[in-house]
Amino acid sequence: MAVDIRWLGHATVAIADGPTTVLTDPVLTGRVGHLRRRRGEDPLARPVRPDVVVLSHLHADHTHLPSLALLGADVPIVVPRGAADVFAGLRRFGDRIVELAPGEATAVGSVSIRAVPADHDGRRWRRGPRTVPALGYVVEGEATTYFAGDTAFDPAMAEWVPRCDAALLPVGGWGPTLGPGHMDPASAALAARSTTAGLSIPVHFGTLWPIGLDAVRPQLFAAPGGDFVGRVRAAGGTAVELAPGEQLRLR
């Protein structure tokens, strides 16, 4: 099984499954709006050259146009169905856009990418139309890797992803509050168990933080990863916390 997983920070993960590399929700810059990268190496210091990108939803810290513009001009971009209709910024990528609805799949290189539901507000703007769902993705090749995107825990995850070799699960956020549609370490540990994950890796924490809010509830920045790992292990599972930029190989 030749599958390498490298966490670049926030929800950005490079999944190198055999000869095919899938890049999730790429944020490759030092800043996203009012958020600044606070930890980890510059992702462009060791750039990933993906064969395909998957975008879980349209929020700016997941669909980041400046980062997408840094990637190869021939890389397909998998998005929730209808995303380009409501967010004109995606239209510049033309026929590189591949739209999926939950349950649909596409093949790229040596992997299949299947869209699964996510319980999250997928709109680009707070008052925008609720016509585009948020998604998670299951990458199937040498291994089965579940990228949950951004989501609350849903018991139906056991049906969406009945088993996986690795689960990339969001355990926090980017600020001093965590609103609906997210998982904290406790609920993410339930997701790890529901998906029968052979290995769970926490993401979506400890990378981005609002400028000027350094002293506001800083325990929500880096602590969720270790908390999640402890909970998964206490329940008999296997989990590993990576530092931004760190890579591991599934065995």
# chains A, B, ... in the order shown; residues from 1 in each chain; ligands from 1
call {"tool": "closest_atom_pairs", "arguments": {"of": "region 87-128 of chain A", "to": "region 22-27 of chain A", "cutoff": "12 Å", "atoms": "only C-alpha atoms", "output": "CSV"}}
result
residue,atom,partner,partner_atom,distance
A:Ala107,CA,A:Val22,CA,11.5
A:Val108,CA,A:Val22,CA,9.1
A:Gly109,CA,A:Val22,CA,10.0
A:Ser110,CA,A:Val22,CA,10.6
A:Val111,CA,A:Val22,CA,9.0
A:Ser112,CA,A:Val22,CA,10.4
A:Ile113,CA,A:Val22,CA,9.2
call {"tool": "select_by_dssp", "arguments": {"residues": "region 81-226 of chain A", "states": "helix (DSSP H, G or I)", "output": "mmCIF file with all heavy atoms, in the first residue's frame"}}
result
data_model
loop_
_atom_site.group_PDB
_atom_site.id
_atom_site.type_symbol
_atom_site.label_atom_id
_atom_site.label_comp_id
_atom_site.auth_asym_id
_atom_site.auth_seq_id
_atom_site.Cartn_x
_atom_site.Cartn_y
_atom_site.Cartn_z
ATOM 1 N N ALA A 83 -21.882 24.583 -7.946
ATOM 2 C CA ALA A 83 -21.001 25.584 -7.347
ATOM 3 C C ALA A 83 -20.648 26.701 -8.321
ATOM 4 O O ALA A 83 -20.643 27.880 -7.960
ATOM 5 C CB ALA A 83 -19.728 24.913 -6.823
ATOM 6 N N ALA A 84 -20.344 26.354 -9.562
ATOM 7 C CA ALA A 84 -19.956 27.382 -10.536
ATOM 8 C C ALA A 84 -21.127 28.266 -10.936
ATOM 9 O O ALA A 84 -20.933 29.398 -11.390
ATOM 10 C CB ALA A 84 -19.343 26.724 -11.768
ATOM 11 N N ASP A 85 -22.344 27.779 -10.755
ATOM 12 C CA ASP A 85 -23.519 28.590 -11.086
ATOM 13 C C ASP A 85 -23.702 29.727 -10.090
ATOM 14 O O ASP A 85 -24.142 30.818 -10.459
ATOM 15 C CB ASP A 85 -24.781 27.721 -11.104
ATOM 16 C CG ASP A 85 -24.783 26.718 -12.239
ATOM 17 O OD1 ASP A 85 -24.137 26.998 -13.275
ATOM 18 O OD2 ASP A 85 -25.424 25.661 -12.096
ATOM 19 N N VAL A 86 -23.366 29.484 -8.823
ATOM 20 C CA VAL A 86 -23.614 30.502 -7.800
ATOM 21 C C VAL A 86 -22.361 31.291 -7.440
ATOM 22 O O VAL A 86 -22.464 32.370 -6.856
ATOM 23 C CB VAL A 86 -24.213 29.873 -6.526
ATOM 24 C CG1 VAL A 86 -25.526 29.177 -6.842
ATOM 25 C CG2 VAL A 86 -23.246 28.935 -5.850
ATOM 26 N N ALA A 88 -19.285 32.913 -9.288
ATOM 27 C CA ALA A 88 -18.712 33.216 -10.596
ATOM 28 C C ALA A 88 -17.199 33.053 -10.625
ATOM 29 O O ALA A 88 -16.620 32.801 -11.691
ATOM 30 C CB ALA A 88 -19.087 34.639 -11.002
ATOM 31 N N GLY A 89 -16.540 33.173 -9.470
ATOM 32 C CA GLY A 89 -15.087 33.050 -9.439
ATOM 33 C C GLY A 89 -14.578 31.715 -9.939
ATOM 34 O O GLY A 89 -13.436 31.617 -10.422
ATOM 35 N N LEU A 90 -15.402 30.679 -9.860
ATOM 36 C CA LEU A 90 -14.982 29.361 -10.331
ATOM 37 C C LEU A 90 -15.045 29.228 -11.847
ATOM 38 O O LEU A 90 -14.431 28.328 -12.421
ATOM 39 C CB LEU A 90 -15.845 28.267 -9.690
ATOM 40 C CG LEU A 90 -15.587 27.961 -8.217
ATOM 41 C CD1 LEU A 90 -16.644 27.003 -7.683
ATOM 42 C CD2 LEU A 90 -14.183 27.372 -8.027
ATOM 43 N N ARG A 91 -15.757 30.123 -12.494
ATOM 44 C CA ARG A 91 -15.976 29.957 -13.929
ATOM 45 C C ARG A 91 -14.712 30.187 -14.738
ATOM 46 O O ARG A 91 -14.602 29.720 -15.872
ATOM 47 C CB ARG A 91 -17.089 30.909 -14.395
ATOM 48 C CG ARG A 91 -18.427 30.592 -13.761
ATOM 49 C CD ARG A 91 -19.482 31.624 -14.078
ATOM 50 N NE ARG A 91 -20.596 31.521 -13.137
ATOM 51 C CZ ARG A 91 -21.507 32.465 -12.948
ATOM 52 N NH1 ARG A 91 -21.433 33.591 -13.662
ATOM 53 N NH2 ARG A 91 -22.474 32.309 -12.068
ATOM 54 N N ARG A 92 -13.747 30.878 -14.155
ATOM 55 C CA ARG A 92 -12.484 31.095 -14.869
ATOM 56 C C ARG A 92 -11.763 29.787 -15.162
ATOM 57 O O ARG A 92 -10.893 29.739 -16.031
ATOM 58 C CB ARG A 92 -11.567 32.002 -14.052
ATOM 59 C CG ARG A 92 -10.946 31.334 -12.823
ATOM 60 C CD ARG A 92 -10.026 32.236 -12.037
ATOM 61 N NE ARG A 92 -10.771 33.248 -11.307
ATOM 62 C CZ ARG A 92 -10.198 34.083 -10.447
ATOM 63 N NH1 ARG A 92 -8.891 34.040 -10.251
ATOM 64 N NH2 ARG A 92 -10.928 34.951 -9.798
ATOM 65 N N PHE A 93 -12.112 28.727 -14.432
ATOM 66 C CA PHE A 93 -11.425 27.449 -14.616
ATOM 67 C C PHE A 93 -12.081 26.590 -15.688
ATOM 68 O O PHE A 93 -11.594 25.502 -15.996
ATOM 69 C CB PHE A 93 -11.356 26.699 -13.279
ATOM 70 C CG PHE A 93 -10.639 27.488 -12.211
ATOM 71 C CD1 PHE A 93 -11.335 28.091 -11.182
ATOM 72 C CD2 PHE A 93 -9.254 27.636 -12.256
ATOM 73 C CE1 PHE A 93 -10.683 28.833 -10.202
ATOM 74 C CE2 PHE A 93 -8.588 28.375 -11.286
ATOM 75 C CZ PHE A 93 -9.302 28.969 -10.260
ATOM 76 N N GLY A 94 -13.159 27.069 -16.265
ATOM 77 C CA GLY A 94 -13.762 26.458 -17.447
ATOM 78 C C GLY A 94 -14.060 24.988 -17.299
ATOM 79 O O GLY A 94 -14.647 24.543 -16.299
ATOM 80 N N ASP A 95 -13.626 24.221 -18.302
ATOM 81 C CA ASP A 95 -13.958 22.799 -18.307
ATOM 82 C C ASP A 95 -13.100 21.976 -17.358
ATOM 83 O O ASP A 95 -13.220 20.753 -17.321
ATOM 84 C CB ASP A 95 -13.875 22.230 -19.729
ATOM 85 C CG ASP A 95 -12.503 22.386 -20.361
ATOM 86 O OD1 ASP A 95 -11.555 22.810 -19.662
ATOM 87 O OD2 ASP A 95 -12.377 22.077 -21.566
ATOM 88 N N ARG A 96 -12.244 22.637 -16.582
ATOM 89 C CA ARG A 96 -11.530 21.926 -15.521
ATOM 90 C C ARG A 96 -12.448 21.595 -14.353
ATOM 91 O O ARG A 96 -12.126 20.741 -13.523
ATOM 92 C CB ARG A 96 -10.349 22.760 -15.015
ATOM 93 C CG ARG A 96 -9.234 22.932 -16.034
ATOM 94 C CD ARG A 96 -8.278 24.012 -15.597
ATOM 95 N NE ARG A 96 -7.698 23.736 -14.283
ATOM 96 C CZ ARG A 96 -7.012 24.633 -13.581
ATOM 97 N NH1 ARG A 96 -6.839 25.864 -14.060
ATOM 98 N NH2 ARG A 96 -6.516 24.316 -12.399
ATOM 99 N N MET A 157 -23.024 8.978 8.994
ATOM 100 C CA MET A 157 -21.665 8.764 8.478
ATOM 101 C C MET A 157 -21.338 7.280 8.351
ATOM 102 O O MET A 157 -20.571 6.881 7.470
ATOM 103 C CB MET A 157 -20.633 9.428 9.394
ATOM 104 C CG MET A 157 -20.567 10.930 9.261
ATOM 105 S SD MET A 157 -19.351 11.622 10.424
ATOM 106 C CE MET A 157 -19.377 13.348 9.943
ATOM 107 N N ALA A 158 -21.920 6.472 9.219
ATOM 108 C CA ALA A 158 -21.685 5.030 9.151
ATOM 109 C C ALA A 158 -22.226 4.432 7.859
ATOM 110 O O ALA A 158 -21.751 3.377 7.415
ATOM 111 C CB ALA A 158 -22.326 4.337 10.359
ATOM 112 N N GLU A 159 -23.194 5.103 7.238
ATOM 113 C CA GLU A 159 -23.724 4.670 5.946
ATOM 114 C C GLU A 159 -22.950 5.330 4.813
ATOM 115 O O GLU A 159 -22.681 4.693 3.797
ATOM 116 C CB GLU A 159 -25.204 5.022 5.845
ATOM 117 C CG GLU A 159 -26.063 4.411 6.941
ATOM 118 C CD GLU A 159 -27.485 4.954 6.914
ATOM 119 O OE1 GLU A 159 -27.850 5.652 5.946
ATOM 120 O OE2 GLU A 159 -28.229 4.687 7.878
ATOM 121 N N TRP A 160 -22.595 6.603 4.974
ATOM 122 C CA TRP A 160 -21.844 7.299 3.928
ATOM 123 C C TRP A 160 -20.478 6.653 3.717
ATOM 124 O O TRP A 160 -20.026 6.477 2.586
ATOM 125 C CB TRP A 160 -21.620 8.757 4.296
ATOM 126 C CG TRP A 160 -22.828 9.546 4.649
ATOM 127 C CD1 TRP A 160 -24.132 9.245 4.358
ATOM 128 C CD2 TRP A 160 -22.865 10.780 5.379
ATOM 129 N NE1 TRP A 160 -24.967 10.210 4.871
ATOM 130 C CE2 TRP A 160 -24.225 11.164 5.492
ATOM 131 C CE3 TRP A 160 -21.880 11.596 5.929
ATOM 132 C CZ2 TRP A 160 -24.608 12.332 6.154
ATOM 133 C CZ3 TRP A 160 -22.261 12.756 6.581
ATOM 134 C CH2 TRP A 160 -23.603 13.116 6.691
ATOM 135 N N PRO A 185 -13.402 17.987 19.168
ATOM 136 C CA PRO A 185 -12.702 16.703 19.315
ATOM 137 C C PRO A 185 -13.607 15.552 19.728
ATOM 138 O O PRO A 185 -13.431 14.424 19.252
ATOM 139 C CB PRO A 185 -11.648 17.022 20.375
ATOM 140 C CG PRO A 185 -11.348 18.473 20.169
ATOM 141 C CD PRO A 185 -12.666 19.079 19.839
ATOM 142 N N ALA A 186 -14.581 15.819 20.603
ATOM 143 C CA ALA A 186 -15.448 14.735 21.071
ATOM 144 C C ALA A 186 -16.318 14.190 19.946
ATOM 145 O O ALA A 186 -16.429 12.966 19.755
ATOM 146 C CB ALA A 186 -16.313 15.232 22.234
ATOM 147 N N SER A 187 -16.955 15.074 19.176
ATOM 148 C CA SER A 187 -17.819 14.592 18.096
ATOM 149 C C SER A 187 -16.997 14.021 16.944
ATOM 150 O O SER A 187 -17.433 13.075 16.268
ATOM 151 C CB SER A 187 -18.741 15.705 17.612
ATOM 152 O OG SER A 187 -18.021 16.850 17.232
ATOM 153 N N ALA A 188 -15.798 14.554 16.707
ATOM 154 C CA ALA A 188 -14.936 13.978 15.670
ATOM 155 C C ALA A 188 -14.506 12.568 16.038
ATOM 156 O O ALA A 188 -14.353 11.704 15.164
ATOM 157 C CB ALA A 188 -13.721 14.865 15.440
ATOM 158 N N ALA A 189 -14.310 12.320 17.330
ATOM 159 C CA ALA A 189 -13.973 10.958 17.757
ATOM 160 C C ALA A 189 -15.126 10.000 17.476
ATOM 161 O O ALA A 189 -14.907 8.826 17.131
ATOM 162 C CB ALA A 189 -13.609 10.951 19.237
ATOM 163 N N LEU A 190 -16.356 10.480 17.607
ATOM 164 C CA LEU A 190 -17.507 9.654 17.236
ATOM 165 C C LEU A 190 -17.495 9.364 15.738
ATOM 166 O O LEU A 190 -17.829 8.251 15.299
ATOM 167 C CB LEU A 190 -18.804 10.368 17.612
ATOM 168 C CG LEU A 190 -19.089 10.559 19.097
ATOM 169 C CD1 LEU A 190 -20.371 11.360 19.282
ATOM 170 C CD2 LEU A 190 -19.190 9.218 19.812
ATOM 171 N N ALA A 191 -17.101 10.355 14.942
ATOM 172 C CA ALA A 191 -17.019 10.153 13.494
ATOM 173 C C ALA A 191 -15.957 9.119 13.144
ATOM 174 O O ALA A 191 -16.145 8.291 12.240
ATOM 175 C CB ALA A 191 -16.721 11.469 12.796
ATOM 176 N N ALA A 192 -14.838 9.146 13.845
ATOM 177 C CA ALA A 192 -13.788 8.157 13.596
ATOM 178 C C ALA A 192 -14.306 6.743 13.847
ATOM 179 O O ALA A 192 -14.028 5.811 13.083
ATOM 180 C CB ALA A 192 -12.579 8.450 14.482
ATOM 181 N N ARG A 193 -15.076 6.603 14.914
ATOM 182 C CA ARG A 193 -15.629 5.286 15.234
ATOM 183 C C ARG A 193 -16.699 4.877 14.232
ATOM 184 O O ARG A 193 -16.754 3.732 13.783
ATOM 185 C CB ARG A 193 -16.197 5.306 16.649
ATOM 186 C CG ARG A 193 -16.735 3.969 17.122
ATOM 187 C CD ARG A 193 -17.128 4.019 18.584
ATOM 188 N NE ARG A 193 -17.623 2.738 19.049
ATOM 189 C CZ ARG A 193 -18.014 2.500 20.298
ATOM 190 N NH1 ARG A 193 -17.939 3.464 21.205
ATOM 191 N NH2 ARG A 193 -18.467 1.311 20.640
ATOM 192 N N SER A 194 -17.554 5.840 13.837
ATOM 193 C CA SER A 194 -18.654 5.525 12.917
ATOM 194 C C SER A 194 -18.154 5.062 11.561
ATOM 195 O O SER A 194 -18.787 4.223 10.913
ATOM 196 C CB SER A 194 -19.546 6.758 12.737
ATOM 197 O OG SER A 194 -20.223 7.066 13.926
ATOM 198 N N GLN A 219 -6.688 28.547 23.532
ATOM 199 C CA GLN A 219 -6.697 27.090 23.690
ATOM 200 C C GLN A 219 -7.451 26.402 22.557
ATOM 201 O O GLN A 219 -7.271 25.201 22.327
ATOM 202 C CB GLN A 219 -7.322 26.710 25.045
ATOM 203 C CG GLN A 219 -8.815 26.959 25.163
ATOM 204 C CD GLN A 219 -9.182 28.373 25.577
ATOM 205 O OE1 GLN A 219 -8.334 29.267 25.551
ATOM 206 N NE2 GLN A 219 -10.430 28.576 25.970
ATOM 207 N N LEU A 220 -8.279 27.158 21.829
ATOM 208 C CA LEU A 220 -8.997 26.558 20.703
ATOM 209 C C LEU A 220 -8.156 26.506 19.432
ATOM 210 O O LEU A 220 -8.616 25.985 18.415
ATOM 211 C CB LEU A 220 -10.282 27.349 20.423
ATOM 212 C CG LEU A 220 -11.376 27.255 21.488
ATOM 213 C CD1 LEU A 220 -12.614 28.014 21.042
ATOM 214 C CD2 LEU A 220 -11.724 25.805 21.781
ATOM 215 N N PHE A 221 -6.921 27.011 19.498
ATOM 216 C CA PHE A 221 -6.075 27.017 18.306
ATOM 217 C C PHE A 221 -5.414 25.659 18.088
ATOM 218 O O PHE A 221 -5.775 24.922 17.173
ATOM 219 C CB PHE A 221 -5.022 28.128 18.425
ATOM 220 C CG PHE A 221 -4.107 28.221 17.234
ATOM 221 C CD1 PHE A 221 -4.597 28.590 16.002
ATOM 222 C CD2 PHE A 221 -2.763 27.928 17.351
ATOM 223 C CE1 PHE A 221 -3.767 28.677 14.897
ATOM 224 C CE2 PHE A 221 -1.914 28.012 16.261
ATOM 225 C CZ PHE A 221 -2.422 28.382 15.031
ATOM 226 N N ALA A 222 -4.470 25.282 18.911
ATOM 227 C CA ALA A 222 -3.694 24.060 18.679
ATOM 228 C C ALA A 222 -4.152 22.864 19.501
ATOM 229 O O ALA A 222 -3.862 21.728 19.148
ATOM 230 C CB ALA A 222 -2.215 24.328 18.956
ATOM 231 N N ALA A 223 -4.877 23.092 20.593
ATOM 232 C CA ALA A 223 -5.219 21.991 21.498
ATOM 233 C C ALA A 223 -6.163 20.938 20.922
ATOM 234 O O ALA A 223 -6.091 19.764 21.321
ATOM 235 C CB ALA A 223 -5.805 22.558 22.790
ATOM 236 N N PRO A 224 -7.086 21.265 20.011
ATOM 237 C CA PRO A 224 -8.052 20.249 19.575
ATOM 238 C C PRO A 224 -7.429 18.995 18.972
ATOM 239 O O PRO A 224 -7.995 17.906 19.105
ATOM 240 C CB PRO A 224 -8.900 20.990 18.541
ATOM 241 C CG PRO A 224 -8.857 22.420 18.992
ATOM 242 C CD PRO A 224 -7.448 22.605 19.477
ATOM 243 N N GLY A 225 -6.279 19.104 18.311
ATOM 244 C CA GLY A 225 -5.675 17.921 17.693
ATOM 245 C C GLY A 225 -5.298 16.870 18.716
ATOM 246 O O GLY A 225 -5.647 15.684 18.588
ATOM 247 N N GLY A 226 -4.577 17.269 19.750
ATOM 248 C CA GLY A 226 -4.179 16.321 20.778
ATOM 249 C C GLY A 226 -5.352 15.780 21.560
ATOM 250 O O GLY A 226 -5.369 14.599 21.946
#
call {"tool": "closest_atom_pairs", "arguments": {"of": "region 24-120 of chain A", "to": "region 161-181 of chain A", "cutoff": "10 Å", "atoms": "only C-alpha atoms", "output": "CSV"}}
result
residue,atom,partner,partner_atom,distance
A:Leu35,CA,A:Trp174,CA,7.7
A:Arg36,CA,A:Trp174,CA,9.5
A:Arg37,CA,A:Trp174,CA,9.9
A:Asp61,CA,A:Trp174,CA,9.2
A:Val116,CA,A:Val161,CA,8.0
A:Pro117,CA,A:Val161,CA,10.0
A:Ala118,CA,A:Gly181,CA,8.6
A:Asp119,CA,A:Gly181,CA,5.7
A:His120,CA,A:Gly181,CA,4.3
call {"tool": "select_by_dssp", "arguments": {"residues": "region 108-174 of chain A", "states": "strand (DSSP E)", "output": "PyMOL selection string"}}
result
chain A and resi 108+111-117+135-140+144-147+164-170
call {"tool": "atom_distance", "arguments": {"atom1": "CA of Gly136 (chain A)", "atom2": "CA of Gly103 (chain A)"}}
result
10.5 Å
